[in-house]
Amino acid sequence: MKLIFRILHFTSLLVVLAACAPAPVPMPTATPATVATGTAVPGSTAAAVLPIAAAVLSPTPLPPTVIAGPESAPMPTPVATPATPTPVPVTCQPSLVPTIAQTEGPMYLANPPQRANFREDARNAGGEPVTLAGRVMGTDCRPIANARVDVWHTDARGAYDMTPTYTSRGYVLTDSEGRYQFETIVPGIYTGRTAHIHVKVTPPGGRTLTTQLYFPNEATNAGDAIFDHRLLVKLEETPQGKRATFDFVVAP
Ligand code: FE
């Protein structure tokens with residue numbers, strides 16, 4: 001009887017222990033751990049942690065970086081594109097004043113030769129060499145080509161050659177730029193006149209301008225009743241000698 005009692009007591013004790021025993025903790029299912037390369041590590045204790053780490057370490061696309069400049073930075077000033085230069089017409093405003101006319105005088109000889117060098121004329125020996133040059137142009141500044149520039153003046157002694165040798169006489173035609181040029185001497189003077197050069201300028205198909213040219217700083221200019229300062233040449237000293245220039249402006 002006593003033995004039976006002890007067996008029962010032991011059995012009750014087992015029942016109580018069984019009831020109080022903690023429920024078995026299920027082992028976590030082995031999830032293949034993934035490292036950066038995605039290699040599974042079966043059975044690893046880090047199986048539950050590595051996926052998170054891998055997720056953290058994996059490159060997450062970042063938003064594009066915008067580097068802001070200083071707020072005070074000035075906006076670039078647009079640079080204006082230079083306009084295409086417009087061709088400038090060969091004209092002028094205001095219009096040029098036509099060269100004044102003067103008397104022809106009695107010493108003009110018709111039909112002079114076309115020649116530009118009077119310096120070699122025998123009667124001009126000993127005269128002071130000078131180059132007379134310039135242009136013929138319209139009042140609109142356009143050069144006049146093929147204008148006839150007819151010149152006559154005294155020889156070195158101040159006398160006109162009225163013979164067919166045409167000392168200090170001749171004409172030239174202007175080039176495409178309206179230029180003319182003579183190689184001559186500073187005219188000699190005669191009573192009542194200062195040094196001067198007679199000229200006729202005739203544009204093609206145009207009217208003839210008859211006038212005279214003078215030299216600056218001539219003592220006899222002031223005593224010449226015909227002298228006009230508007231007809232003074234521009235006189236320069238060059239390595240080749242004196243150069244007198246004058247541009248004729250002819251009315252249309
Ligand atoms: Fe004269």
# chains A, B, ... in the order shown; residues from 1 in each chain; ligands from 1
call {"tool": "residues_near_ligand", "arguments": {"ligand": "ligand 1", "cutoff": "10 Å", "atoms": "only C-alpha atoms and all ligand atoms", "output": "PDB file with N, CA and C atoms, in the first residue's frame"}}
result
ATOM      1  N   THR A 103      39.868 132.512-113.709  1.00  0.00           N
ATOM      2  CA  THR A 103      40.053 132.865-115.119  1.00  0.00           C
ATOM      3  C   THR A 103      41.080 131.977-115.818  1.00  0.00           C
ATOM      4  N   GLU A 104      40.839 131.770-117.087  1.00  0.00           N
ATOM      5  CA  GLU A 104      41.749 130.945-117.885  1.00  0.00           C
ATOM      6  C   GLU A 104      42.996 131.725-118.285  1.00  0.00           C
ATOM      7  N   GLY A 105      42.836 133.023-118.534  1.00  0.00           N
ATOM      8  CA  GLY A 105      43.956 133.839-119.005  1.00  0.00           C
ATOM      9  C   GLY A 105      44.207 133.634-120.488  1.00  0.00           C
ATOM     10  N   PRO A 106      45.135 134.405-121.019  1.00  0.00           N
ATOM     11  CA  PRO A 106      45.373 134.389-122.479  1.00  0.00           C
ATOM     12  C   PRO A 106      46.450 133.416-122.935  1.00  0.00           C
ATOM     13  N   MET A 107      47.018 132.624-122.044  1.00  0.00           N
ATOM     14  CA  MET A 107      48.185 131.834-122.407  1.00  0.00           C
ATOM     15  C   MET A 107      47.899 130.345-122.643  1.00  0.00           C
ATOM     16  N   TYR A 108      46.633 130.007-122.771  1.00  0.00           N
ATOM     17  CA  TYR A 108      46.324 128.587-122.996  1.00  0.00           C
ATOM     18  C   TYR A 108      46.542 128.241-124.456  1.00  0.00           C
ATOM     19  N   TRP A 152      48.947 123.901-117.473  1.00  0.00           N
ATOM     20  CA  TRP A 152      49.951 124.762-118.127  1.00  0.00           C
ATOM     21  C   TRP A 152      50.433 125.814-117.133  1.00  0.00           C
ATOM     22  N   HIS A 153      51.690 126.119-117.196  1.00  0.00           N
ATOM     23  CA  HIS A 153      52.278 127.136-116.315  1.00  0.00           C
ATOM     24  C   HIS A 153      53.574 127.647-116.929  1.00  0.00           C
ATOM     25  N   THR A 154      54.196 128.632-116.308  1.00  0.00           N
ATOM     26  CA  THR A 154      55.420 129.240-116.830  1.00  0.00           C
ATOM     27  C   THR A 154      56.606 128.294-116.669  1.00  0.00           C
ATOM     28  N   GLY A 158      59.824 132.104-115.661  1.00  0.00           N
ATOM     29  CA  GLY A 158      58.593 132.875-115.513  1.00  0.00           C
ATOM     30  C   GLY A 158      57.952 133.257-116.834  1.00  0.00           C
ATOM     31  N   ALA A 159      58.269 132.523-117.917  1.00  0.00           N
ATOM     32  CA  ALA A 159      57.695 132.835-119.232  1.00  0.00           C
ATOM     33  C   ALA A 159      56.881 131.635-119.734  1.00  0.00           C
ATOM     34  N   TYR A 160      55.821 131.931-120.491  1.00  0.00           N
ATOM     35  CA  TYR A 160      55.024 130.849-121.093  1.00  0.00           C
ATOM     36  C   TYR A 160      55.633 130.477-122.424  1.00  0.00           C
ATOM     37  N   PRO A 187      56.553 126.924-110.741  1.00  0.00           N
ATOM     38  CA  PRO A 187      56.568 127.916-111.833  1.00  0.00           C
ATOM     39  C   PRO A 187      57.306 129.207-111.446  1.00  0.00           C
ATOM     40  N   ILE A 189      57.799 133.302-111.618  1.00  0.00           N
ATOM     41  CA  ILE A 189      56.774 134.350-111.531  1.00  0.00           C
ATOM     42  C   ILE A 189      57.022 135.439-112.569  1.00  0.00           C
ATOM     43  N   TYR A 190      55.959 136.113-112.871  1.00  0.00           N
ATOM     44  CA  TYR A 190      56.048 137.267-113.762  1.00  0.00           C
ATOM     45  C   TYR A 190      55.296 138.408-113.107  1.00  0.00           C
ATOM     46  N   GLY A 192      53.099 141.032-111.552  1.00  0.00           N
ATOM     47  CA  GLY A 192      51.685 141.102-111.178  1.00  0.00           C
ATOM     48  C   GLY A 192      51.109 139.777-110.680  1.00  0.00           C
ATOM     49  N   ARG A 193      51.852 138.687-110.854  1.00  0.00           N
ATOM     50  CA  ARG A 193      51.306 137.377-110.451  1.00  0.00           C
ATOM     51  C   ARG A 193      52.297 136.663-109.510  1.00  0.00           C
ATOM     52  N   THR A 194      51.707 135.878-108.651  1.00  0.00           N
ATOM     53  CA  THR A 194      52.509 134.991-107.817  1.00  0.00           C
ATOM     54  C   THR A 194      52.656 133.658-108.561  1.00  0.00           C
ATOM     55  N   ALA A 195      53.401 132.700-107.987  1.00  0.00           N
ATOM     56  CA  ALA A 195      53.550 131.387-108.639  1.00  0.00           C
ATOM     57  C   ALA A 195      52.183 130.714-108.708  1.00  0.00           C
ATOM     58  N   HIS A 196      51.837 130.235-109.881  1.00  0.00           N
ATOM     59  CA  HIS A 196      50.524 129.620-110.050  1.00  0.00           C
ATOM     60  C   HIS A 196      50.550 128.615-111.183  1.00  0.00           C
ATOM     61  N   ILE A 197      49.623 127.719-111.155  1.00  0.00           N
ATOM     62  CA  ILE A 197      49.478 126.680-112.185  1.00  0.00           C
ATOM     63  C   ILE A 197      48.049 126.740-112.711  1.00  0.00           C
ATOM     64  N   HIS A 198      47.915 126.878-114.003  1.00  0.00           N
ATOM     65  CA  HIS A 198      46.584 126.877-114.625  1.00  0.00           C
ATOM     66  C   HIS A 198      46.134 125.428-114.844  1.00  0.00           C
ATOM     67  N   GLN A 212      42.983 127.809-111.087  1.00  0.00           N
ATOM     68  CA  GLN A 212      44.423 127.955-110.899  1.00  0.00           C
ATOM     69  C   GLN A 212      44.799 127.443-109.513  1.00  0.00           C
TER      70      GLN A 212
END
call {"tool": "residues_around", "arguments": {"residues": "segment 174-185 of chain A", "least_positions_apart": "6", "cutoff": "10 Å", "atoms": "only C-alpha atoms", "output": "number ranges by chain"}}
result
A: 115-121, 124-138, 142-149, 151, 153-156, 168, 203, 242-248
call {"tool": "select_by_dssp", "arguments": {"residues": "segment 78-172 of chain A", "states": "strand (DSSP E or B)", "output": "PyMOL selection string"}}
result
chain A and resi 114+117+129-138+143+148-152+169-172
call {"tool": "residues_around", "arguments": {"residues": "Leu209 of chain A", "least_positions_apart": "6", "cutoff": "10 Å", "atoms": "only C-alpha atoms", "output": "list in words"}}
result
Pro98, Thr99, Ile100, Ala101, Gln102, Glu104, Val149, Val199, Lys200, Val201, Thr202, Pro203, Phe248, Val249, Val250 and Ala251 of chain A
call {"tool": "atom_distance", "arguments": {"atom1": "atom CA of Leu109 of chain A", "atom2": "atom CA of Thr208 of chain A"}}
result
15.6 Å
call {"tool": "atom_distance", "arguments": {"atom1": "atom CA of Phe227 of chain A", "atom2": "atom CA of Thr210 of chain A"}}
result
14.4 Å
call {"tool": "atom_distance", "arguments": {"atom1": "atom CA of Val97 of chain A", "atom2": "atom CA of Gly170 of chain A"}}
result
26.5 Å
